[in-house]
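Engineer: Below: one structure in structure tokens.
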Amino acid sequence: MKRSGIGKARLLQGNEACVRGALYAGVEFFAGYPITPSTEVAEAMARELPRNGGKFIQMEDEIASIAAVIGASNAGCKAMTATSGPGYSLMQENIGYAYMTETPCVIINVQRGGPSTGLPTKIAQSDTMQARWGTHGDYTAIAVAPSTVKECFEETVRAFNLSERFRTPVTVLSDEVLGHMREMMVIPEKGELEVTERHKPDVPHEWYKHFEISPSFVSPMASFGEGYRYNVTGLTHDEDGFPTANPIEIKNKMEKLRFKIERFADEIHKIRMDMMDDAHFTVVSYGSVSRAARQAVTMARERRIKVGAIQLRTIWPFPDMKLREMFAGVRKVIVAELNMGQLVNEIKRVAPRHTEVFSLARYDGEVMTPHQILEKIREVIK
Amino acid sequence: MMEKIAHGSDVTHHYLRPKKKFPNVWCAGCGNGIVMGALIRSIDRLDLDKDNVAVVSGIGCSSRMPVYLDFNTLHTTHGRALAFATGVKIAKPNLTVIVITGDGDALAIGGNHFIHTCRRNINITTILIDNRIYGMTGGQFAPTTPGGSFATTAPYGNYEKQFDVVKLAIGAGASYVARGTVYHVQQLEKLIEAGIKKKGFSVVDVVSNCHTYYGRFNKEGDAVEMLSWMKKHAMPIEAVRKIPPEKMKGKFVTGLIHEHDATEFTHEYQMMVDRLAQKEAEK
Amino acid sequence: MTETDPKPPVSEGNEKAARGDKASPGKYVYDGRTPPINIFLHWCKACNICIAFCPKKVLEPDREGKPTLAHPEKCTQCAICWLHCPDFAITSNYK
């Protein structure tokens, strides 16, 4: 990145902002495969990494891309890939491997219309549940969602911090419109945003346990070539990383994967609220829909409707308690999504009995408009 | 580096993981153990620092090898060892990266990664242990299962065609391709050693025995009989050039079958980075 | 044959080649006391490879099929047994 870029407002594309965020966070390795609408991420990485001491490779498919990312992460690199729906589906088995082996890595999913080839150049948010349950088995996912180009930068930095802090994959749920649009943003100075490094071990080599269970549930992580010579396997394993069939060790491992995230969810949750203090109604949204939601709420306020907006910047783990508290004084909630209703079910699950939840679903490949949300608000409050 | 072991037979024990339970998980007489010994002695002879050796494997009987080895070991997903290993090698080029894989793991589900890693000519040594069947899952036919052979998924004889691993690797661009057997251990060690030394993508195709399934289903006998078959039917490439073709009937070629020199992937990447840095310095 | 090409396979009987040591400390002679090889029966799975391929028939199976040193005096330290043991259950006492 030319130094001149720092500190001044720049017109950036969403996908490129993800790359700049990754570089800010200290990404050292990118492996990816071309797929609309995320290819610009790979292209920017191909330009920037070789000039920033990093490594770039275009692999033969998405399965290989995430595999190379996990390999590089174990060799000590902050590593990332970027894809869209079809590629994200191909990556699921190895993402599951990264969950099981607790390997930090970041996956940018620039969503497009699905399922299947779907609408490669059109917007959707229909991978929301896939970001939670995409691969087989029990595990606890982290997924964050930007709604502006600036947030693409910030959420990518946060994704790296969360992945290194919790030794886990983190998905950034962007989308076609956000990925391709351009907006002004100021690139923060070094040190302005927090950048987390993975917790390194401080014990003699022989004492090191790559999957050590401790109160934080997050084990310190050595890298290949540092003298620790540990074993990593996708088989359920004990603290030394050796495959186990012992029920107690299996239970410990499964609970480690869950507790290390759920018990520290406060560090992960991130919610933006607008005009919620006296709100009787609320529009809940995430990703680029939140832009229209905020505008719709402003327009509704001009018509003296007491409505507020909640934007979830962290989708998973889902902020159950926080939302329940926010809905205390709220009678009706509209969940605006560019899918046929996915996160709305989570909101119905946590909403108190007195709060009625409505789904505003758009799945025709077009962006949700403020007017469309305003219409829904009017209709719902009648 | 530990002191030199005066005698070969003790070498292996200095590379086994102290905390791991032995004996290993493989069936009695399985060739995987023999290959593991050969690999260890090759690494020992090359005087490699344990800390800088990474062994990556996929899923299958042969892929259970790294967990026993006192190196940086990565037991990955089925067919994907080479892709994981590529990430490890690019991230830390000073590591010696060795991939342990099988005929099913590398050539069926892993086929796409196999040909692309050959094409890239990245400095990784792949030991492909070919027992011509899926052992871990109980004896299904693999891409190398000979025609007419029996397997649980070829109950009436395998009617599919097979890969020639060596031709496939050469065709895809690997710069070092050799074939060994689990009977000719000393030759295998030399082939592995030279493969590791080779600055490029090395493939060592190892003919191995799965008497538990392939041998039993196809009446090729126990481990001893299958190893004896290899002893009789292997023909080192150095000898092949001297004997008339009809003598080769029923035999298979072993030794270093192909080698060429080509620039290595991580070296090329570094040269590009250096060029960029120099151009920027001139600005 | 480039320099890096492996030489034709060394005759199976030469243990020195297994170590690639140049100097040969003389032919092995069984001293009647120290056994030519040690067998870790705990790791041995009685696969019969060492017994079958020992060129001098030094080893014979016990009740469990595991090798016993029936004729230690015949051993020439050719290394075939421990080179082929899939479980590293044999080590040689010949230094």
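Scheme for the structure tokens: letters A, B, ... for chains in order shown; per-chain residue numbers from 1; ligand numbers from 1 in order shown.
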Report as a tab-separated table (two decimals) with all heavy atoms, in the first residue's frame all protein, DNA and RNA residues lying within 9 Å of region 64-72 of chain B, evaluated on only C-alpha atoms, omitting residues in the same chain fewer than 4 positions from it.

Structural biologist:
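For reference, out_25.tsv as written:
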chain	number	residue	atom	x	y	z
A	223	SER	N	3.83	-22.41	16.11
A	223	SER	CA	3.79	-22.63	14.66
A	223	SER	C	4.77	-23.74	14.28
A	223	SER	O	5.71	-24.02	15.02
A	223	SER	CB	4.20	-21.34	13.92
A	223	SER	OG	3.39	-20.27	14.36
A	224	PHE	N	4.55	-24.30	13.10
A	224	PHE	CA	5.52	-25.28	12.59
A	224	PHE	C	6.89	-24.61	12.52
A	224	PHE	O	6.98	-23.43	12.15
A	224	PHE	CB	5.11	-25.74	11.17
A	224	PHE	CG	3.98	-26.74	11.18
A	224	PHE	CD1	3.40	-27.16	12.37
A	224	PHE	CD2	3.49	-27.25	9.99
A	224	PHE	CE1	2.36	-28.07	12.37
A	224	PHE	CE2	2.46	-28.18	9.98
A	224	PHE	CZ	1.88	-28.60	11.17
A	225	GLY	N	7.93	-25.36	12.86
A	225	GLY	CA	9.28	-24.81	12.71
A	225	GLY	C	9.78	-24.06	13.92
A	225	GLY	O	10.87	-23.51	13.92
A	227	GLY	N	10.06	-25.58	16.97
A	227	GLY	CA	10.61	-26.52	17.96
A	227	GLY	C	9.57	-27.25	18.77
A	227	GLY	O	9.89	-28.07	19.62
A	228	TYR	N	8.29	-26.97	18.54
A	228	TYR	CA	7.26	-27.65	19.35
A	228	TYR	C	6.84	-28.97	18.72
A	228	TYR	O	6.36	-29.87	19.40
A	228	TYR	CB	6.06	-26.73	19.54
A	228	TYR	CG	6.39	-25.54	20.42
A	228	TYR	CD1	6.86	-24.36	19.87
A	228	TYR	CD2	6.29	-25.63	21.81
A	228	TYR	CE1	7.21	-23.28	20.69
A	228	TYR	CE2	6.63	-24.55	22.62
A	228	TYR	CZ	7.09	-23.37	22.05
A	228	TYR	OH	7.43	-22.32	22.85
A	229	ARG	N	6.97	-29.11	17.41
A	229	ARG	CA	6.71	-30.38	16.71
A	229	ARG	C	5.43	-31.06	17.20
A	229	ARG	O	5.44	-32.19	17.71
A	229	ARG	CB	7.88	-31.34	16.89
A	229	ARG	CG	9.19	-30.81	16.36
A	229	ARG	CD	10.20	-31.89	16.10
A	229	ARG	NE	10.53	-32.68	17.28
A	229	ARG	CZ	11.48	-32.34	18.15
A	229	ARG	NH1	12.16	-31.22	17.99
A	229	ARG	NH2	11.75	-33.11	19.18
A	230	TYR	N	4.30	-30.37	17.04
A	230	TYR	CA	3.01	-30.93	17.52
A	230	TYR	C	2.29	-31.62	16.37
A	230	TYR	O	2.65	-31.50	15.21
A	230	TYR	CB	2.15	-29.81	18.12
A	230	TYR	CG	1.92	-28.63	17.21
A	230	TYR	CD1	0.89	-28.62	16.28
A	230	TYR	CD2	2.75	-27.50	17.28
A	230	TYR	CE1	0.68	-27.52	15.46
A	230	TYR	CE2	2.55	-26.40	16.46
A	230	TYR	CZ	1.51	-26.43	15.55
A	230	TYR	OH	1.31	-25.34	14.73
A	231	ASN	N	1.22	-32.34	16.74
A	231	ASN	CA	0.40	-33.04	15.74
A	231	ASN	C	-0.95	-32.35	15.64
A	231	ASN	O	-1.55	-31.95	16.63
A	231	ASN	CB	0.17	-34.51	16.16
A	231	ASN	CG	-0.64	-35.26	15.09
A	231	ASN	OD1	-0.20	-35.36	13.94
A	231	ASN	ND2	-1.80	-35.76	15.47
A	232	VAL	N	-1.41	-32.21	14.40
A	232	VAL	CA	-2.74	-31.62	14.15
A	232	VAL	C	-3.53	-32.66	13.37
A	232	VAL	O	-3.02	-33.22	12.40
A	232	VAL	CB	-2.62	-30.33	13.31
A	232	VAL	CG1	-4.00	-29.75	13.04
A	232	VAL	CG2	-1.76	-29.30	14.03
A	233	THR	N	-4.76	-32.93	13.81
A	233	THR	CA	-5.57	-33.90	13.06
A	233	THR	C	-7.03	-33.51	13.14
A	233	THR	O	-7.47	-32.90	14.12
A	233	THR	CB	-5.41	-35.33	13.65
A	233	THR	OG1	-6.28	-36.22	12.93
A	233	THR	CG2	-5.73	-35.38	15.14
A	241	GLY	N	-3.27	-33.61	20.82
A	241	GLY	CA	-3.54	-33.68	19.39
A	241	GLY	C	-3.50	-35.10	18.86
A	241	GLY	O	-3.41	-35.33	17.65
A	242	PHE	N	-3.54	-36.08	19.78
A	242	PHE	CA	-3.56	-37.48	19.33
A	242	PHE	C	-5.01	-37.95	19.27
A	242	PHE	O	-5.81	-37.65	20.16
A	242	PHE	CB	-2.77	-38.38	20.29
A	242	PHE	CG	-1.31	-38.06	20.33
A	242	PHE	CD1	-0.57	-38.21	21.49
A	242	PHE	CD2	-0.67	-37.57	19.19
A	242	PHE	CE1	0.79	-37.90	21.52
A	242	PHE	CE2	0.69	-37.26	19.20
A	242	PHE	CZ	1.42	-37.43	20.37
A	243	PRO	N	-5.36	-38.70	18.20
A	243	PRO	CA	-6.76	-39.15	18.07
A	243	PRO	C	-7.20	-39.89	19.33
A	243	PRO	O	-6.42	-40.62	19.94
A	243	PRO	CB	-6.70	-40.10	16.87
A	243	PRO	CG	-5.47	-39.73	16.13
A	243	PRO	CD	-4.50	-39.21	17.14
B	14	HIS	N	14.48	-43.03	17.39
B	14	HIS	CA	14.76	-41.64	17.81
B	14	HIS	C	13.85	-40.65	17.11
B	14	HIS	O	13.92	-39.46	17.35
B	14	HIS	CB	16.23	-41.32	17.53
B	14	HIS	CG	17.15	-41.94	18.55
B	14	HIS	ND1	17.54	-41.27	19.68
B	14	HIS	CD2	17.64	-43.19	18.65
B	14	HIS	CE1	18.29	-42.09	20.42
B	14	HIS	NE2	18.37	-43.25	19.82
B	15	TYR	N	13.01	-41.16	16.20
B	15	TYR	CA	12.10	-40.25	15.47
B	15	TYR	C	10.65	-40.57	15.78
B	15	TYR	O	9.74	-40.01	15.16
B	15	TYR	CB	12.36	-40.38	13.96
B	15	TYR	CG	13.68	-39.80	13.51
B	15	TYR	CD1	14.85	-40.56	13.59
B	15	TYR	CD2	13.77	-38.49	13.04
B	15	TYR	CE1	16.08	-40.03	13.20
B	15	TYR	CE2	15.00	-37.96	12.64
B	15	TYR	CZ	16.14	-38.73	12.72
B	15	TYR	OH	17.34	-38.21	12.33
B	16	LEU	N	10.43	-41.51	16.72
B	16	LEU	CA	9.03	-41.84	17.06
B	16	LEU	C	8.59	-40.92	18.20
B	16	LEU	O	9.37	-40.57	19.07
B	16	LEU	CB	8.93	-43.30	17.49
B	16	LEU	CG	9.43	-44.33	16.47
B	16	LEU	CD1	9.26	-45.74	17.02
B	16	LEU	CD2	8.71	-44.16	15.13
B	17	ARG	N	7.33	-40.56	18.20
B	17	ARG	CA	6.81	-39.63	19.24
B	17	ARG	C	6.76	-40.37	20.58
B	17	ARG	O	6.07	-41.38	20.70
B	17	ARG	CB	5.41	-39.17	18.85
B	17	ARG	CG	5.43	-37.99	17.88
B	17	ARG	CD	4.24	-37.06	18.11
B	17	ARG	NE	4.47	-35.77	17.48
B	17	ARG	CZ	3.89	-35.38	16.34
B	17	ARG	NH1	3.07	-36.22	15.70
B	17	ARG	NH2	4.12	-34.18	15.83
B	18	PRO	N	7.49	-39.81	21.58
B	18	PRO	CA	7.54	-40.50	22.88
B	18	PRO	C	6.16	-40.71	23.51
B	18	PRO	O	5.89	-41.75	24.10
B	18	PRO	CB	8.40	-39.57	23.73
B	18	PRO	CG	8.64	-38.33	22.93
B	18	PRO	CD	8.29	-38.59	21.53
B	20	LYS	N	3.31	-41.19	22.09
B	20	LYS	CA	2.33	-41.91	21.27
B	20	LYS	C	2.37	-43.40	21.60
B	20	LYS	O	3.45	-43.94	21.87
B	20	LYS	CB	2.68	-41.69	19.78
B	20	LYS	CG	1.59	-42.12	18.84
B	20	LYS	CD	0.32	-41.30	18.95
B	20	LYS	CE	-0.78	-41.89	18.07
B	20	LYS	NZ	-1.88	-42.46	18.84
B	21	LYS	N	1.22	-44.04	21.60
B	21	LYS	CA	1.15	-45.47	21.94
B	21	LYS	C	1.62	-46.29	20.74
B	21	LYS	O	1.21	-46.05	19.60
B	21	LYS	CB	-0.30	-45.83	22.28
B	21	LYS	CG	-0.48	-47.19	22.93
B	21	LYS	CD	-1.91	-47.40	23.43
B	21	LYS	CE	-2.89	-47.52	22.28
B	21	LYS	NZ	-2.61	-48.71	21.40
B	22	PHE	N	2.53	-47.23	21.02
B	22	PHE	CA	2.97	-48.19	19.98
B	22	PHE	C	2.56	-49.58	20.42
B	22	PHE	O	2.35	-49.80	21.61
B	22	PHE	CB	4.49	-48.07	19.79
B	22	PHE	CG	4.87	-46.86	18.98
B	22	PHE	CD1	5.07	-45.63	19.59
B	22	PHE	CD2	4.97	-46.93	17.59
B	22	PHE	CE1	5.38	-44.50	18.86
B	22	PHE	CE2	5.29	-45.80	16.85
B	22	PHE	CZ	5.49	-44.59	17.48
B	24	ASN	N	2.06	-49.44	16.12
B	24	ASN	CA	1.20	-48.58	15.30
B	24	ASN	C	-0.11	-49.29	14.98
B	24	ASN	O	-0.30	-50.47	15.26
B	24	ASN	CB	1.95	-48.19	14.03
B	24	ASN	CG	2.41	-49.41	13.26
B	24	ASN	OD1	1.60	-50.31	13.01
B	24	ASN	ND2	3.70	-49.50	12.94
B	25	VAL	N	-0.98	-48.52	14.33
B	25	VAL	CA	-2.37	-48.96	14.18
B	25	VAL	C	-2.55	-49.92	13.00
B	25	VAL	O	-3.59	-50.52	12.85
B	25	VAL	CB	-3.26	-47.69	13.98
B	25	VAL	CG1	-3.00	-47.09	12.61
B	25	VAL	CG2	-4.70	-47.98	14.25
B	26	TRP	N	-1.48	-50.06	12.16
B	26	TRP	CA	-1.68	-50.82	10.92
B	26	TRP	C	-1.74	-52.33	11.18
B	26	TRP	O	-1.26	-52.84	12.20
B	26	TRP	CB	-0.54	-50.50	9.95
B	26	TRP	CG	-0.53	-49.08	9.52
B	26	TRP	CD1	-1.59	-48.37	9.02
B	26	TRP	CD2	0.57	-48.17	9.58
B	26	TRP	NE1	-1.20	-47.08	8.76
B	26	TRP	CE2	0.13	-46.91	9.09
B	26	TRP	CE3	1.91	-48.26	10.01
B	26	TRP	CZ2	0.94	-45.80	9.00
B	26	TRP	CZ3	2.72	-47.15	9.93
B	26	TRP	CH2	2.25	-45.93	9.43
B	32	ASN	N	2.89	-50.03	5.17
B	32	ASN	CA	3.01	-48.64	5.64
B	32	ASN	C	4.13	-48.49	6.68
B	32	ASN	O	4.88	-47.52	6.66
B	32	ASN	CB	1.67	-48.19	6.26
B	32	ASN	CG	0.62	-47.94	5.18
B	32	ASN	OD1	0.96	-47.53	4.07
B	32	ASN	ND2	-0.63	-48.21	5.51
B	33	GLY	N	4.24	-49.50	7.57
B	33	GLY	CA	5.27	-49.42	8.60
B	33	GLY	C	6.67	-49.47	8.00
B	33	GLY	O	7.59	-48.77	8.45
B	36	MET	N	7.45	-46.17	6.58
B	36	MET	CA	7.75	-45.21	7.66
B	36	MET	C	9.20	-45.34	8.10
B	36	MET	O	9.91	-44.35	8.28
B	36	MET	CB	6.79	-45.45	8.83
B	36	MET	CG	6.96	-44.51	9.98
B	36	MET	SD	5.48	-44.50	11.00
B	36	MET	CE	6.18	-44.55	12.63
B	40	ILE	N	12.12	-42.47	7.76
B	40	ILE	CA	12.89	-41.99	8.91
B	40	ILE	C	14.39	-42.10	8.62
B	40	ILE	O	15.15	-41.14	8.82
B	40	ILE	CB	12.52	-42.79	10.18
B	40	ILE	CG1	11.10	-42.43	10.63
B	40	ILE	CG2	13.53	-42.53	11.29
B	40	ILE	CD1	10.59	-43.27	11.79
B	50	LYS	N	14.80	-31.96	12.98
B	50	LYS	CA	13.41	-32.37	13.20
B	50	LYS	C	12.46	-31.18	13.21
B	50	LYS	O	11.33	-31.27	12.75
B	50	LYS	CB	13.29	-33.07	14.58
B	50	LYS	CG	13.81	-34.47	14.67
B	50	LYS	CD	13.51	-34.98	16.09
B	50	LYS	CE	14.01	-36.38	16.32
B	50	LYS	NZ	13.65	-36.85	17.68
B	51	ASP	N	12.96	-30.04	13.77
B	51	ASP	CA	12.08	-28.88	13.91
B	51	ASP	C	11.65	-28.33	12.56
B	51	ASP	O	10.65	-27.64	12.45
B	51	ASP	CB	12.78	-27.76	14.70
B	51	ASP	CG	12.98	-28.15	16.16
B	51	ASP	OD1	12.32	-29.14	16.58
B	51	ASP	OD2	13.78	-27.51	16.85
B	52	ASN	N	12.45	-28.59	11.54
B	52	ASN	CA	12.14	-28.01	10.23
B	52	ASN	C	11.61	-29.03	9.23
B	52	ASN	O	11.69	-28.81	8.02
B	52	ASN	CB	13.39	-27.32	9.67
B	52	ASN	CG	13.75	-26.11	10.52
B	52	ASN	OD1	12.85	-25.44	11.04
B	52	ASN	ND2	15.03	-25.86	10.70
B	53	VAL	N	11.09	-30.13	9.75
B	53	VAL	CA	10.46	-31.12	8.86
B	53	VAL	C	8.97	-31.11	9.14
B	53	VAL	O	8.55	-31.16	10.30
B	53	VAL	CB	11.03	-32.53	9.11
B	53	VAL	CG1	10.24	-33.57	8.30
B	53	VAL	CG2	12.51	-32.59	8.76
B	54	ALA	N	8.17	-30.97	8.08
B	54	ALA	CA	6.70	-31.02	8.24
B	54	ALA	C	6.19	-32.19	7.41
B	54	ALA	O	6.56	-32.33	6.24
B	54	ALA	CB	6.08	-29.71	7.75
B	55	VAL	N	5.40	-33.05	8.04
B	55	VAL	CA	4.85	-34.20	7.34
B	55	VAL	C	3.33	-34.03	7.31
B	55	VAL	O	2.69	-33.89	8.35
B	55	VAL	CB	5.23	-35.53	8.03
B	55	VAL	CG1	4.75	-36.71	7.19
B	55	VAL	CG2	6.75	-35.61	8.22
B	56	VAL	N	2.79	-34.02	6.11
B	56	VAL	CA	1.36	-33.75	5.92
B	56	VAL	C	0.73	-34.98	5.29
B	56	VAL	O	1.33	-35.61	4.42
B	56	VAL	CB	1.17	-32.53	4.98
B	56	VAL	CG1	-0.31	-32.19	4.84
B	56	VAL	CG2	1.95	-31.32	5.49
B	57	SER	N	-0.46	-35.35	5.76
B	57	SER	CA	-1.12	-36.52	5.15
B	57	SER	C	-2.60	-36.25	5.02
B	57	SER	O	-3.13	-35.29	5.59
B	57	SER	CB	-0.91	-37.74	6.06
B	57	SER	OG	-1.61	-37.54	7.29
B	58	GLY	N	-3.25	-37.10	4.26
B	58	GLY	CA	-4.70	-36.94	4.04
B	58	GLY	C	-5.45	-37.91	4.93
B	58	GLY	O	-5.22	-37.95	6.13
B	59	ILE	N	-6.33	-38.69	4.33
B	59	ILE	CA	-7.09	-39.68	5.10
B	59	ILE	C	-6.90	-41.03	4.42
B	59	ILE	O	-6.95	-41.13	3.21
B	59	ILE	CB	-8.60	-39.34	5.13
B	59	ILE	CG1	-8.84	-38.02	5.85
B	59	ILE	CG2	-9.39	-40.46	5.77
B	59	ILE	CD1	-8.56	-38.03	7.33
B	60	GLY	N	-6.66	-42.05	5.21
B	60	GLY	CA	-6.48	-43.41	4.69
B	60	GLY	C	-5.45	-44.10	5.57
B	60	GLY	O	-4.84	-43.46	6.43
B	100	ILE	N	2.48	-37.67	2.92
B	100	ILE	CA	2.25	-39.12	2.92
B	100	ILE	C	0.81	-39.33	2.45
B	100	ILE	O	-0.13	-38.77	3.03
B	100	ILE	CB	2.41	-39.72	4.33
B	100	ILE	CG1	3.74	-39.30	4.95
B	100	ILE	CG2	2.26	-41.23	4.28
B	100	ILE	CD1	4.96	-39.86	4.28

Engineer: Going by DSSP on the backbone, which residues of region 164-283 of chain B come out as helix (DSSP H, G or I)? List them as a PyMOL selection string.

Structural biologist: chain B and resi 165-172+185-197+211-217+223-233+237-240+245-248+265-282

Engineer: Find the residues in chain B near chain A: any atom within 6 Å counts, using only C-alpha atoms. Write them as a PyMOL selection string.

Structural biologist: chain B and resi 51-52+71-75+83-84+86-88+91+273

Engineer: Find the residues near Ile109 (chain B): any atom within 12 Å, counting only C-alpha atoms, skip ones fewer than 5 places away on the same chain, and give them as a list in words.

Structural biologist: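 The residues that qualify are Ile63 and Ala64 of chain A; Gly58, Ile59, Gly60, Thr77, His78, Gly79, Arg80, Ala81, Leu82, Thr101, Gly102, Asp103, Gly104, Phe114, Ile115, Tyr134, Ala142 and Pro143 of chain B.
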
Engineer: Determine, counting only C-alpha atoms, which protein, DNA and RNA residues have an atom within 9 Å of an atom of Glu337 (chain A); residues of the same chain fewer than 2 positions away are not included. Present the result as an NGL selection string.

Structural biologist: :A and (124-126 or 284-287 or 289 or 335 or 339-344 or 359-363 or 368)

Engineer: Compare B:Ile34, B:Ala154, B:Met136, B:Val99 by their minimum atom-to-atom distance to chain C, counting only C-alpha atoms, and give me the closest one.

Structural biologist: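 Ranking B:Ile34, B:Ala154, B:Met136, B:Val99 by distance to chain C, first place goes to B:Ile34.
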
Engineer: Find the residues near region 126-130 of chain B: any atom within 8 Å, counting only C-alpha atoms, skip ones fewer than 2 places away on the same chain, and give them as a VMD selection string.

Structural biologist: chain B and resid 32 62 98 to 103 106 124 132 to 133 144 192 201 to 208

Engineer: Restricting the calculation to only C-alpha atoms: of C:Ile49, C:Pro36, C:Asp31, C:Gly26, which residue gets closest to Ser228 (chain B)?

Structural biologist: C:Ile49

Engineer: Show which residues sit within 7 Å of Ala234 (chain B), as a list in words. Count only C-alpha atoms, and ignore same-chain residues fewer than 3 positions away.

Structural biologist: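 Close residues of Ala234 (chain B): Met230, Lys231, Lys251, Phe252, Val253 and Thr254 of chain B.
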
Engineer: Would you mind listing what lies within 10 Å of region 60-73 of chain C as a PyMOL selection string, with only C-alpha atoms counted and same-chain residues fewer than 2 positions away left out?

Structural biologist: chain C and resi 28-41+44-52+54+56-58+75-76+90

Engineer: Determine which residues of region 56-221 of chain A DSSP labels as strand (DSSP E) from the backbone of this structure, then write them out as a ChimeraX atom specification.

Structural biologist: /A:56-58,79-83,105-111,143-144,169-175,182-186

Engineer: Near chain C, which residues of chain B fall within 6 Å when you count only C-alpha atoms, and what do they look like as a list in words?

Structural biologist: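 Applying the cut-off to the listed atoms yields His7, Gly8, Ser9, Pro23, Ala28, Gly29, Gly33, Ile34, Gln187, Lys190 and Val224 of chain B.
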
Engineer: Figure out the distance between CA of Thr83 (chain A) and CA of Glu48 (chain A), please, to one decimal in Å.

Structural biologist: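 For CA of Glu48 (chain A) relative to CA of Thr83 (chain A), the distance reads 18.0 Å.
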
Engineer: Using CA of Val350 (chain A) and CA of Met321 (chain A) as the two end points, give the distance in Å to one decimal.

Structural biologist: 7.5 Å

Engineer: CA of Leu162 (chain A) and CA of Tyr24 (chain A) are how many Å apart?

Structural biologist: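 Distance between the two atoms: 14.4 Å.
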